[in-house]
>>> print(open('data11.txt').read())   # compact mmCIF, C-alpha atoms (C1' of nucleotides)
# COMPACT_ATOMS: atom_id res chain seq x y z
CA MET X 1 -39.33 5.23 -17.37
CA THR X 2 -38.79 8.56 -15.67
CA ALA X 3 -35.87 9.18 -13.36
CA GLU X 4 -38.29 9.71 -10.51
CA ASP X 5 -39.80 6.26 -10.97
CA ARG X 6 -36.33 4.77 -11.09
CA ARG X 7 -35.42 6.55 -7.91
CA GLU X 8 -38.34 4.89 -6.17
CA GLN X 9 -37.29 1.49 -7.44
CA VAL X 10 -33.74 2.09 -6.33
CA ILE X 11 -34.86 3.09 -2.85
CA ASP X 12 -36.90 -0.11 -2.60
CA ALA X 13 -33.93 -2.24 -3.52
CA ALA X 14 -31.60 -0.21 -1.32
CA ILE X 15 -33.71 -0.88 1.76
CA GLY X 16 -33.28 -4.61 1.25
CA VAL X 17 -29.53 -4.40 0.80
CA PHE X 18 -28.79 -1.82 3.49
CA ALA X 19 -30.99 -3.74 5.91
CA ARG X 20 -29.01 -6.94 5.55
CA ARG X 21 -25.48 -5.61 5.11
CA GLY X 22 -25.44 -2.21 6.75
CA PHE X 23 -24.31 1.03 5.21
CA GLU X 24 -20.70 0.08 4.53
CA GLY X 25 -21.40 -3.55 3.79
CA ALA X 26 -23.98 -2.80 1.13
CA THR X 27 -22.57 -2.26 -2.34
CA THR X 28 -24.04 0.03 -4.93
CA ALA X 29 -23.45 -2.71 -7.48
CA GLU X 30 -25.81 -5.08 -5.67
CA ILE X 31 -28.48 -2.45 -5.34
CA ALA X 32 -28.20 -1.56 -9.02
CA SER X 33 -28.35 -5.16 -10.16
CA LYS X 34 -31.49 -5.74 -8.07
CA VAL X 35 -33.17 -2.89 -9.91
CA GLY X 36 -31.76 -3.98 -13.23
CA VAL X 37 -29.79 -0.85 -14.02
CA SER X 38 -26.10 -0.19 -14.24
CA GLN X 39 -24.20 0.71 -11.13
CA PRO X 40 -22.92 4.08 -12.40
CA TYR X 41 -26.48 5.16 -13.09
CA LEU X 42 -27.20 5.15 -9.38
CA PHE X 43 -24.89 8.12 -9.07
CA ARG X 44 -26.96 10.09 -11.50
CA LEU X 45 -30.05 9.36 -9.42
CA PHE X 46 -28.37 9.97 -6.06
CA PRO X 47 -25.31 12.16 -5.50
CA SER X 48 -23.66 9.65 -3.17
CA LYS X 49 -24.14 6.35 -1.41
CA LYS X 50 -24.91 8.18 1.79
CA ASP X 51 -27.69 10.18 0.15
CA LEU X 52 -29.16 6.92 -1.01
CA PHE X 53 -28.95 5.53 2.51
CA LEU X 54 -30.70 8.58 3.91
CA ALA X 55 -33.44 8.26 1.31
CA ALA X 56 -33.88 4.57 2.09
CA SER X 57 -33.96 5.20 5.81
CA GLU X 58 -36.53 7.96 5.44
CA ARG X 59 -38.73 5.86 3.21
CA ASN X 60 -38.56 3.02 5.69
CA MET X 61 -39.73 5.29 8.50
CA ASP X 62 -42.45 6.75 6.29
CA ASP X 63 -43.67 3.23 5.67
CA THR X 64 -44.04 2.84 9.42
CA LEU X 65 -46.03 6.05 9.53
CA GLY X 66 -48.26 4.76 6.76
CA LEU X 67 -48.67 1.45 8.54
CA MET X 68 -49.96 3.20 11.65
CA ARG X 69 -52.32 5.42 9.70
CA SER X 70 -53.84 2.68 7.61
CA ALA X 71 -54.12 0.33 10.57
CA ALA X 72 -55.91 2.89 12.68
CA GLY X 73 -58.37 3.64 9.91
CA GLY X 74 -61.05 5.72 11.57
CA LYS X 75 -60.53 4.29 15.03
CA THR X 76 -59.28 6.28 18.00
CA GLY X 77 -58.19 5.73 21.60
CA HIS X 78 -57.22 2.30 22.87
CA GLU X 79 -59.01 0.69 19.98
CA ALA X 80 -56.74 2.47 17.50
CA MET X 81 -53.67 1.63 19.56
CA HIS X 82 -54.68 -2.00 19.68
CA VAL X 83 -54.97 -2.41 15.92
CA MET X 84 -51.78 -0.42 15.38
CA ALA X 85 -49.94 -2.77 17.70
CA GLU X 86 -51.34 -5.75 15.85
CA ALA X 87 -50.32 -4.32 12.50
CA TYR X 88 -46.85 -3.55 13.83
CA GLN X 89 -46.35 -7.10 15.07
CA GLU X 90 -47.56 -8.52 11.80
CA MET X 91 -45.11 -6.30 9.93
CA LEU X 92 -42.29 -7.40 12.24
CA GLU X 93 -42.86 -11.00 11.32
CA SER X 94 -43.51 -10.59 7.64
CA ASN X 95 -41.06 -7.88 6.60
CA ARG X 96 -37.64 -8.52 8.06
CA ASP X 97 -35.98 -5.99 5.76
CA TRP X 98 -38.13 -3.27 7.20
CA LEU X 99 -37.15 -4.23 10.74
CA LEU X 100 -33.46 -4.51 9.98
CA MET X 101 -33.43 -1.24 8.04
CA MET X 102 -34.90 0.47 11.07
CA LEU X 103 -32.22 -1.05 13.32
CA GLN X 104 -29.53 0.00 10.84
CA SER X 105 -30.84 3.55 10.98
CA PHE X 106 -30.56 3.52 14.75
CA ALA X 107 -27.10 1.98 14.73
CA ALA X 108 -25.87 4.49 12.17
CA CYS X 109 -26.73 7.36 14.48
CA HIS X 110 -23.07 8.08 15.06
CA ASP X 111 -23.31 9.96 11.79
CA GLU X 112 -24.83 13.34 12.45
CA ASP X 113 -26.93 13.46 9.30
CA VAL X 114 -28.40 10.03 9.96
CA GLN X 115 -29.00 10.98 13.55
CA ARG X 116 -30.83 14.19 12.65
CA GLN X 117 -33.06 12.46 10.13
CA THR X 118 -33.81 9.52 12.41
CA ARG X 119 -34.75 11.94 15.17
CA LYS X 120 -37.04 13.83 12.81
CA CYS X 121 -38.78 10.62 11.70
CA LEU X 122 -39.25 9.43 15.27
CA GLN X 123 -40.77 12.76 16.21
CA GLN X 124 -43.20 12.49 13.30
CA LEU X 125 -44.15 8.99 14.39
CA TRP X 126 -44.67 10.11 17.97
CA ARG X 127 -46.89 13.00 16.91
CA GLU X 128 -48.81 10.79 14.52
CA VAL X 129 -49.60 8.27 17.23
CA GLU X 130 -50.64 11.14 19.45
CA SER X 131 -53.10 12.52 16.94
CA LEU X 132 -54.35 9.09 15.84
CA THR X 133 -55.08 7.75 19.32
CA GLY X 134 -55.50 10.89 21.39
CA LEU X 135 -54.29 8.82 24.34
CA PRO X 136 -52.32 10.24 27.30
CA VAL X 137 -48.57 10.50 27.04
CA VAL X 138 -47.92 7.58 29.39
CA ASP X 139 -49.92 5.20 27.24
CA ARG X 140 -48.03 6.31 24.16
CA MET X 141 -44.69 6.03 25.92
CA LEU X 142 -45.48 2.43 26.87
CA PHE X 143 -46.67 1.74 23.33
CA PHE X 144 -43.34 2.82 21.91
CA ALA X 145 -41.37 1.07 24.64
CA LYS X 146 -43.08 -2.24 23.95
CA GLY X 147 -42.62 -1.67 20.24
CA PHE X 148 -38.88 -1.31 20.58
CA LEU X 149 -38.74 -4.35 22.81
CA CYS X 150 -40.53 -6.26 20.06
CA ASN X 151 -37.96 -4.97 17.58
CA VAL X 152 -35.09 -6.45 19.53
CA MET X 153 -36.89 -9.71 20.15
CA ALA X 154 -37.81 -10.07 16.51
CA ALA X 155 -34.24 -9.34 15.46
CA ALA X 156 -32.58 -11.79 17.84
CA THR X 157 -35.34 -14.40 17.87
CA PRO X 158 -37.08 -14.48 14.50
CA ALA X 159 -40.16 -16.57 13.92
CA GLY X 160 -39.36 -20.26 13.93
CA VAL X 161 -36.69 -20.07 16.61
CA GLY X 162 -37.98 -21.67 19.74
CA ASP X 163 -37.01 -19.58 22.75
CA SER X 164 -38.50 -19.83 26.21
CA VAL X 165 -37.52 -16.28 27.12
CA ARG X 166 -39.31 -14.90 24.10
CA GLU X 167 -42.42 -16.85 24.99
CA GLU X 168 -42.18 -15.57 28.52
CA ILE X 169 -41.99 -11.97 27.36
CA VAL X 170 -44.80 -12.38 24.83
CA ALA X 171 -46.97 -13.85 27.57
CA ALA X 172 -46.09 -10.93 29.82
CA MET X 173 -47.24 -8.49 27.15
CA LYS X 174 -50.56 -10.26 26.90
CA GLU X 175 -50.90 -10.30 30.66
CA ASP X 176 -50.04 -6.62 30.93
CA SER X 177 -52.58 -5.61 28.33
CA GLY X 178 -55.28 -7.45 30.23
CA MET X 179 -54.75 -5.70 33.55
CA GLU X 180 -54.35 -2.06 32.71
CA CYS X 181 -55.01 0.20 35.63
CA GLY X 182 -55.57 3.55 34.00
CA PRO X 183 -58.95 5.20 34.47
CA GLU X 184 -60.18 4.35 30.98
CA ALA X 185 -58.62 0.90 30.74
CA GLY X 186 -60.81 -1.70 29.12
CA PRO X 187 -60.45 -5.26 27.99
CA GLU X 188 -58.39 -4.19 24.98
CA GLU X 189 -55.07 -5.85 24.50
CA MET X 190 -51.91 -4.00 23.72
CA LEU X 191 -49.28 -5.64 21.60
CA ALA X 192 -50.96 -8.94 22.20
CA ASP X 193 -49.35 -11.90 20.54
CA MET N 1 2.62 -8.82 27.48
CA THR N 2 0.71 -12.09 27.10
CA ALA N 3 -1.49 -12.76 24.11
CA GLU N 4 -4.49 -12.93 26.42
CA ASP N 5 -3.87 -9.43 27.73
CA ARG N 6 -3.48 -8.19 24.18
CA ARG N 7 -6.73 -9.82 23.20
CA GLU N 8 -8.51 -7.88 25.93
CA GLN N 9 -6.96 -4.63 24.76
CA VAL N 10 -7.95 -5.38 21.19
CA ILE N 11 -11.53 -6.10 22.20
CA ASP N 12 -11.68 -2.78 24.04
CA ALA N 13 -10.48 -0.89 21.01
CA ALA N 14 -12.68 -2.92 18.69
CA ILE N 15 -15.83 -1.96 20.60
CA GLY N 16 -15.08 1.69 19.99
CA VAL N 17 -14.44 1.26 16.29
CA PHE N 18 -17.25 -1.20 15.55
CA ALA N 19 -19.67 0.97 17.52
CA ARG N 20 -19.02 4.03 15.39
CA ARG N 21 -18.46 2.48 11.97
CA GLY N 22 -20.33 -0.81 12.02
CA PHE N 23 -18.91 -4.21 11.17
CA GLU N 24 -18.01 -3.51 7.56
CA GLY N 25 -17.09 0.11 8.09
CA ALA N 26 -14.59 -0.64 10.83
CA THR N 27 -11.11 -1.47 9.60
CA THR N 28 -8.74 -3.85 11.29
CA ALA N 29 -5.99 -1.30 10.68
CA GLU N 30 -7.75 1.31 12.80
CA ILE N 31 -8.37 -1.15 15.62
CA ALA N 32 -4.75 -2.27 15.55
CA SER N 33 -3.38 1.25 15.55
CA LYS N 34 -5.56 2.13 18.54
CA VAL N 35 -3.99 -0.72 20.48
CA GLY N 36 -0.54 0.06 19.16
CA VAL N 37 0.12 -3.24 17.41
CA SER N 38 0.45 -4.11 13.77
CA GLN N 39 -2.63 -4.92 11.76
CA PRO N 40 -1.57 -8.45 10.77
CA TYR N 41 -1.07 -9.31 14.41
CA LEU N 42 -4.81 -8.99 14.96
CA PHE N 43 -5.20 -12.07 12.81
CA ARG N 44 -2.98 -14.01 15.12
CA LEU N 45 -5.15 -13.02 18.07
CA PHE N 46 -8.46 -13.54 16.26
CA PRO N 47 -9.00 -15.86 13.29
CA SER N 48 -11.07 -13.31 11.39
CA LYS N 49 -12.63 -9.88 11.60
CA LYS N 50 -15.98 -11.48 12.32
CA ASP N 51 -14.60 -13.42 15.28
CA LEU N 52 -13.31 -10.15 16.64
CA PHE N 53 -16.73 -8.58 16.18
CA LEU N 54 -18.38 -11.44 18.01
CA ALA N 55 -15.91 -11.13 20.87
CA ALA N 56 -16.49 -7.38 21.07
CA SER N 57 -20.25 -7.81 20.98
CA GLU N 58 -20.17 -10.42 23.72
CA ARG N 59 -17.92 -8.31 25.93
CA ASN N 60 -20.25 -5.37 25.46
CA MET N 61 -23.25 -7.42 26.58
CA ASP N 62 -21.27 -8.84 29.50
CA ASP N 63 -20.53 -5.29 30.57
CA THR N 64 -24.27 -4.70 30.71
CA LEU N 65 -24.67 -7.78 32.85
CA GLY N 66 -21.95 -6.53 35.17
CA LEU N 67 -23.57 -3.10 35.30
CA MET N 68 -26.84 -4.63 36.50
CA ARG N 69 -25.14 -6.80 39.08
CA SER N 70 -23.00 -4.11 40.59
CA ALA N 71 -25.84 -1.60 40.55
CA ALA N 72 -28.19 -3.95 42.37
CA GLY N 73 -25.61 -4.69 45.03
CA GLY N 74 -27.52 -6.54 47.70
CA LYS N 75 -30.87 -4.95 46.90
CA THR N 76 -33.89 -6.87 45.59
CA GLY N 77 -37.36 -6.17 44.25
CA HIS N 78 -38.40 -2.75 43.04
CA GLU N 79 -35.53 -1.20 44.89
CA ALA N 80 -33.03 -3.21 42.88
CA MET N 81 -34.86 -2.46 39.66
CA HIS N 82 -34.83 1.22 40.46
CA VAL N 83 -31.08 1.46 40.96
CA MET N 84 -30.48 -0.74 37.92
CA ALA N 85 -32.54 1.63 35.81
CA GLU N 86 -30.62 4.59 37.14
CA ALA N 87 -27.30 2.94 36.41
CA TYR N 88 -28.46 2.06 32.93
CA GLN N 89 -29.47 5.62 32.16
CA GLU N 90 -26.21 6.93 33.49
CA MET N 91 -24.33 4.50 31.27
CA LEU N 92 -26.42 5.56 28.26
CA GLU N 93 -25.33 9.13 28.69
CA SER N 94 -21.72 8.56 29.58
CA ASN N 95 -20.68 5.69 27.34
CA ARG N 96 -21.91 6.20 23.79
CA ASP N 97 -19.67 3.48 22.40
CA TRP N 98 -21.38 0.95 24.60
CA LEU N 99 -24.81 2.04 23.38
CA LEU N 100 -23.83 2.08 19.72
CA MET N 101 -22.09 -1.28 19.98
CA MET N 102 -25.28 -2.75 21.39
CA LEU N 103 -27.29 -1.27 18.52
CA GLN N 104 -24.74 -2.59 16.02
CA SER N 105 -25.16 -6.05 17.51
CA PHE N 106 -28.91 -5.82 17.03
CA ALA N 107 -28.62 -4.48 13.50
CA ALA N 108 -26.14 -7.20 12.54
CA CYS N 109 -28.66 -9.89 13.44
CA HIS N 110 -29.09 -10.77 9.80
CA ASP N 111 -25.94 -12.81 10.31
CA GLU N 112 -26.87 -16.07 11.96
CA ASP N 113 -23.84 -16.24 14.23
CA VAL N 114 -24.38 -12.71 15.48
CA GLN N 115 -28.05 -13.44 15.93
CA ARG N 116 -27.42 -16.57 17.97
CA GLN N 117 -24.94 -14.85 20.25
CA THR N 118 -27.09 -11.77 20.70
CA ARG N 119 -30.02 -13.98 21.60
CA LYS N 120 -27.89 -15.85 24.13
CA CYS N 121 -26.71 -12.64 25.76
CA LEU N 122 -30.23 -11.23 25.97
CA GLN N 123 -31.42 -14.43 27.59
CA GLN N 124 -28.65 -14.16 30.17
CA LEU N 125 -29.58 -10.56 30.88
CA TRP N 126 -33.25 -11.48 31.24
CA ARG N 127 -32.49 -14.29 33.66
CA GLU N 128 -30.09 -12.12 35.61
CA VAL N 129 -32.69 -9.40 36.10
CA GLU N 130 -35.12 -12.11 37.15
CA SER N 131 -32.82 -13.47 39.82
CA LEU N 132 -31.60 -10.04 40.95
CA THR N 133 -35.03 -8.49 41.41
CA GLY N 134 -37.29 -11.48 41.86
CA LEU N 135 -40.07 -9.35 40.39
CA PRO N 136 -42.98 -10.72 38.33
CA VAL N 137 -42.55 -11.18 34.61
CA VAL N 138 -44.69 -8.18 33.67
CA ASP N 139 -42.52 -5.82 35.68
CA ARG N 140 -39.41 -7.20 34.04
CA MET N 141 -40.95 -6.98 30.59
CA LEU N 142 -41.74 -3.30 31.14
CA PHE N 143 -38.25 -2.75 32.49
CA PHE N 144 -36.70 -4.08 29.30
CA ALA N 145 -39.21 -2.29 27.10
CA LYS N 146 -38.43 1.07 28.66
CA GLY N 147 -34.76 0.29 28.47
CA PHE N 148 -34.90 -0.27 24.72
CA LEU N 149 -36.95 2.88 24.28
CA CYS N 150 -34.20 4.73 26.14
CA ASN N 151 -31.67 3.17 23.78
CA VAL N 152 -33.35 4.60 20.73
CA MET N 153 -33.89 7.98 22.33
CA ALA N 154 -30.29 8.20 23.44
CA ALA N 155 -29.10 7.20 19.97
CA ALA N 156 -31.24 9.68 18.06
CA THR N 157 -31.26 12.44 20.65
CA PRO N 158 -28.01 12.46 22.58
CA ALA N 159 -27.49 14.70 25.56
CA GLY N 160 -27.26 18.33 24.58
CA VAL N 161 -29.78 18.12 21.77
CA GLY N 162 -32.91 19.94 22.80
CA ASP N 163 -35.98 17.97 21.76
CA SER N 164 -39.49 18.48 23.02
CA VAL N 165 -40.54 14.92 22.19
CA ARG N 166 -37.71 13.50 24.22
CA GLU N 167 -38.67 15.66 27.17
CA GLU N 168 -42.25 14.53 26.79
CA ILE N 169 -41.26 10.89 26.87
CA VAL N 170 -38.88 11.33 29.79
CA ALA N 171 -41.65 13.05 31.72
CA ALA N 172 -44.01 10.19 30.87
CA MET N 173 -41.55 7.69 32.30
CA LYS N 174 -41.37 9.65 35.51
CA GLU N 175 -45.15 9.88 35.64
CA ASP N 176 -45.54 6.17 34.96
CA SER N 177 -43.15 5.19 37.71
CA GLY N 178 -45.10 7.28 40.20
CA MET N 179 -48.45 5.64 39.61
CA GLU N 180 -47.76 1.98 39.50
CA CYS N 181 -50.77 -0.12 40.21
CA GLY N 182 -49.28 -3.48 41.07
CA PRO N 183 -49.93 -4.89 44.53
CA GLU N 184 -46.47 -4.07 45.82
CA ALA N 185 -46.02 -0.77 44.04
CA GLY N 186 -44.45 1.93 46.13
CA PRO N 187 -43.09 5.38 45.59
CA GLU N 188 -40.09 3.97 43.74
CA GLU N 189 -39.38 5.39 40.34
CA MET N 190 -38.59 3.30 37.33
CA LEU N 191 -36.24 4.70 34.74
CA ALA N 192 -36.80 8.08 36.31
CA ASP N 193 -35.29 11.23 34.81
C1' DC G 1 -36.28 13.35 -41.32
C1' DG G 2 -33.33 15.30 -38.17
C1' DA G 3 -32.58 17.40 -33.87
C1' DT G 4 -32.84 17.42 -28.96
C1' DG G 5 -32.62 15.94 -24.47
C1' DA G 6 -33.18 12.54 -21.11
C1' DA G 7 -32.22 7.66 -19.85
C1' DA G 8 -28.77 4.54 -19.45
C1' DT G 9 -24.32 2.30 -19.98
C1' DG G 10 -19.18 0.44 -20.67
C1' DA G 11 -14.90 1.07 -19.40
C1' DG G 12 -12.16 2.49 -16.27
C1' DT G 13 -9.42 4.50 -11.84
C1' DG G 14 -7.51 5.32 -7.57
C1' DA G 15 -7.93 4.05 -3.08
C1' DC G 16 -8.46 0.82 0.33
C1' DC G 17 -9.03 -3.54 2.99
C1' DG G 18 -8.79 -8.26 4.91
C1' DA G 19 -5.81 -11.76 5.03
C1' DT G 20 -1.23 -14.27 4.20
C1' DT G 21 3.55 -15.05 4.37
C1' DA G 22 7.98 -14.84 5.73
C1' DC G 23 10.54 -12.94 8.90
C1' DT G 24 12.90 -10.90 13.63
C1' DA G 25 13.64 -10.41 18.56
C1' DA G 26 13.19 -11.66 23.10
C1' DC G 27 12.87 -15.18 26.46
C1' DC G 28 13.27 -19.80 28.82
C1' DA G 29 14.70 -24.49 30.12
C1' DC G 30 18.51 -27.46 30.20
C1' DG I 1 24.48 -22.04 23.74
C1' DT I 2 21.02 -24.39 21.65
C1' DG I 3 16.40 -25.96 20.68
C1' DG I 4 11.92 -24.35 21.17
C1' DT I 5 8.30 -21.02 22.08
C1' DT I 6 5.95 -16.62 21.96
C1' DA I 7 5.17 -11.66 20.78
C1' DG I 8 5.36 -8.94 17.04
C1' DT I 9 6.30 -6.79 12.21
C1' DA I 10 7.25 -5.49 7.08
C1' DA I 11 5.78 -6.32 2.83
C1' DT I 12 2.39 -7.40 -0.10
C1' DC I 13 -1.36 -9.57 -2.67
C1' DG I 14 -5.86 -10.41 -4.58
C1' DG I 15 -9.88 -8.37 -4.63
C1' DT I 16 -13.41 -4.84 -4.04
C1' DC I 17 -15.70 -0.52 -4.07
C1' DA I 18 -17.40 4.25 -4.74
C1' DC I 19 -17.28 7.24 -8.09
C1' DT I 20 -16.15 9.45 -13.02
C1' DC I 21 -16.46 10.23 -17.89
C1' DA I 22 -17.27 9.62 -22.50
C1' DT I 23 -20.56 7.56 -25.19
C1' DT I 24 -24.89 5.41 -26.87
C1' DT I 25 -29.80 4.45 -27.13
C1' DC I 26 -34.27 6.15 -27.85
C1' DA I 27 -38.63 8.51 -27.52
C1' DT I 28 -40.54 12.96 -28.74
C1' DC I 29 -41.49 16.77 -31.67
C1' DG I 30 -40.90 20.56 -35.06
>>> encode(input="data11.txt", output="structure tokens")
Amino acid sequence: MTAEDRREQVIDAAIGVFARRGFEGATTAEIASKVGVSQPYLFRLFPSKKDLFLAASERNMDDTLGLMRSAAGGKTGHEAMHVMAEAYQEMLESNRDWLLMMLQSFAACHDEDVQRQTRKCLQQLWREVESLTGLPVVDRMLFFAKGFLCNVMAAATPAGVGDSVREEIVAAMKEDSGMECGPEAGPEEMLAD
Amino acid sequence: MTAEDRREQVIDAAIGVFARRGFEGATTAEIASKVGVSQPYLFRLFPSKKDLFLAASERNMDDTLGLMRSAAGGKTGHEAMHVMAEAYQEMLESNRDWLLMMLQSFAACHDEDVQRQTRKCLQQLWREVESLTGLPVVDRMLFFAKGFLCNVMAAATPAGVGDSVREEIVAAMKEDSGMECGPEAGPEEMLAD
DNA sequence: CGATGAAATGAGTGACCGATTACTAACCAC
DNA sequence: GTGGTTAGTAATCGGTCACTCATTTCATCG
């Protein structure tokens, strides 16, 4: 197996470990054992633990980018945004590592390198949604706002936990998507259940 | 000085350290030295590092609750929501520890105890905004959504960093607040600037 | 076959960290 | 002043972790 293939495997495993334990809590030994290689070998593949974290964080954000692209398919406008929102919600429920890794990236923004990379990835995501949907800036702003609200809800109230407040908020999202007031608003739902 | 006073001081210092280094990255020695007590004494005041983290996280959320209350004053409705949003944004820019501690609490939600407490605090905040503003659920949902979007923007793009995407989003928030379409919408701004 | 280079590892090291223990000093009621 | 309580510390221990280095395995190729 080439070193490049190994690097990909390591990044995959690192996302899972960093997501659940944070940058300092994660150990290189655990990551290595998940991949099935020795711990010292990680340091041949990545110069330092922090470099590995940055790689994992970037990959996680790129996955989000890919999610949006593949969800949109050939669609545009509100239709594209609708399916992207659905795909995002599905991902939130099915891939907790991905969610937690994203939150770890945000929380680690005290570090300047993490902050710079996170900013860069968010800019890419913003531009991608712009070009995929072609929708006005306000619509995209609300799309991201609701997305981040969903992040926090999913983190604090994962599937299976009964919570009246969560249900209230989810219902509000449905309601909101049904009564859009923009000029081109249709019956599409945004971030519906 | 009473143990209770000390505990408060320790929580204050702990918020700063946990915010910047995360749960595992923070050391009890650094927290203790910030307060000016010995490190072992922390373990008389709190049974474990995790208990200290939970206390710090809860205090941080309670501060948010207090921020909302004092900002609203006697106001209600959209007026109350407007001043709350302004106070929130001001806090985001002036108190980075508070922001990062909140993000650390979210990111640490893999831990069940953290998750349960974070959920509880968010529920309190939701109910408080409900009773303070009396506004419909959709308005409150959008208020929280925009708030969490502001969190991420403030984390990844702190004041002083020029970023065209941030400016775009900020402008969109202004625009959105000026063209509300609800029955009681007025010229009030939401999360303006 | 033998060489070559990349993949991978075993054995370690120094530093650090959370938690414990055993202790001191000040204070307070009687 | 003595018995009891409370704030606080010095010393340290068991354990862990990121990172290093010397070495080994192994496929490829002349």
>>> interface_residues(input="data11.txt", of="chain X", to="chain G", cutoff="12 Å", atoms="all atoms listed in the file", output="PDB file with C-alpha atoms, in the frame of the given file")
ATOM      1  CA  MET X   1     -39.330   5.230 -17.370  1.00  0.00           C
ATOM      2  CA  THR X   2     -38.790   8.560 -15.670  1.00  0.00           C
ATOM      3  CA  ALA X   3     -35.870   9.180 -13.360  1.00  0.00           C
ATOM      4  CA  GLU X   4     -38.290   9.710 -10.510  1.00  0.00           C
ATOM      5  CA  ASP X   5     -39.800   6.260 -10.970  1.00  0.00           C
ATOM      6  CA  ARG X   6     -36.330   4.770 -11.090  1.00  0.00           C
ATOM      7  CA  GLY X  36     -31.760  -3.980 -13.230  1.00  0.00           C
ATOM      8  CA  VAL X  37     -29.790  -0.850 -14.020  1.00  0.00           C
ATOM      9  CA  SER X  38     -26.100  -0.190 -14.240  1.00  0.00           C
ATOM     10  CA  GLN X  39     -24.200   0.710 -11.130  1.00  0.00           C
ATOM     11  CA  PRO X  40     -22.920   4.080 -12.400  1.00  0.00           C
ATOM     12  CA  TYR X  41     -26.480   5.160 -13.090  1.00  0.00           C
ATOM     13  CA  LEU X  42     -27.200   5.150  -9.380  1.00  0.00           C
ATOM     14  CA  PHE X  43     -24.890   8.120  -9.070  1.00  0.00           C
ATOM     15  CA  ARG X  44     -26.960  10.090 -11.500  1.00  0.00           C
ATOM     16  CA  LEU X  45     -30.050   9.360  -9.420  1.00  0.00           C
TER      17      LEU X  45
END
>>> interface_residues(input="data11.txt", of="chain X", to="chain I", cutoff="9 Å", atoms="all atoms listed in the file", output="ChimeraX atom specification")
/X:27-29,40,43,48-49
>>> atom_distance(input="data11.txt", atom1="CA of Val17 (chain X)", atom2="CA of Glu30 (chain X)")
7.5 Å
>>> closest_residue(input="data11.txt", among="X:Arg127, X:Lys146, X:Lys34, X:Lys174", to="chain N", atoms="all atoms listed in the file")
X:Lys146
>>> atom_distance(input="data11.txt", atom1="CA of Ala72 (chain N)", atom2="CA of Arg20 (chain N)")
29.6 Å
>>> atom_distance(input="data11.txt", atom1="CA of Ala85 (chain X)", atom2="CA of Cys150 (chain X)")
10.3 Å
>>> closest_residue(input="data11.txt", among="X:Glu167, X:Glu128, X:Glu79, X:Glu175", to="chain N", atoms="all atoms listed in the file")
X:Glu175
>>> closest_residue(input="data11.txt", among="X:Leu149, X:Ala71, X:Val35, X:Leu122", to="chain N", atoms="all atoms listed in the file")
X:Leu149
>>> closest_residue(input="data11.txt", among="N:Gly162, N:Asp62, N:Glu24, N:Arg140", to="chain X", atoms="only C-alpha atoms")
N:Glu24
>>> closest_residue(input="data11.txt", among="N:Val170, N:Ala107, N:Met68, N:Ala154", to="chain X", atoms="all atoms listed in the file")
N:Ala107
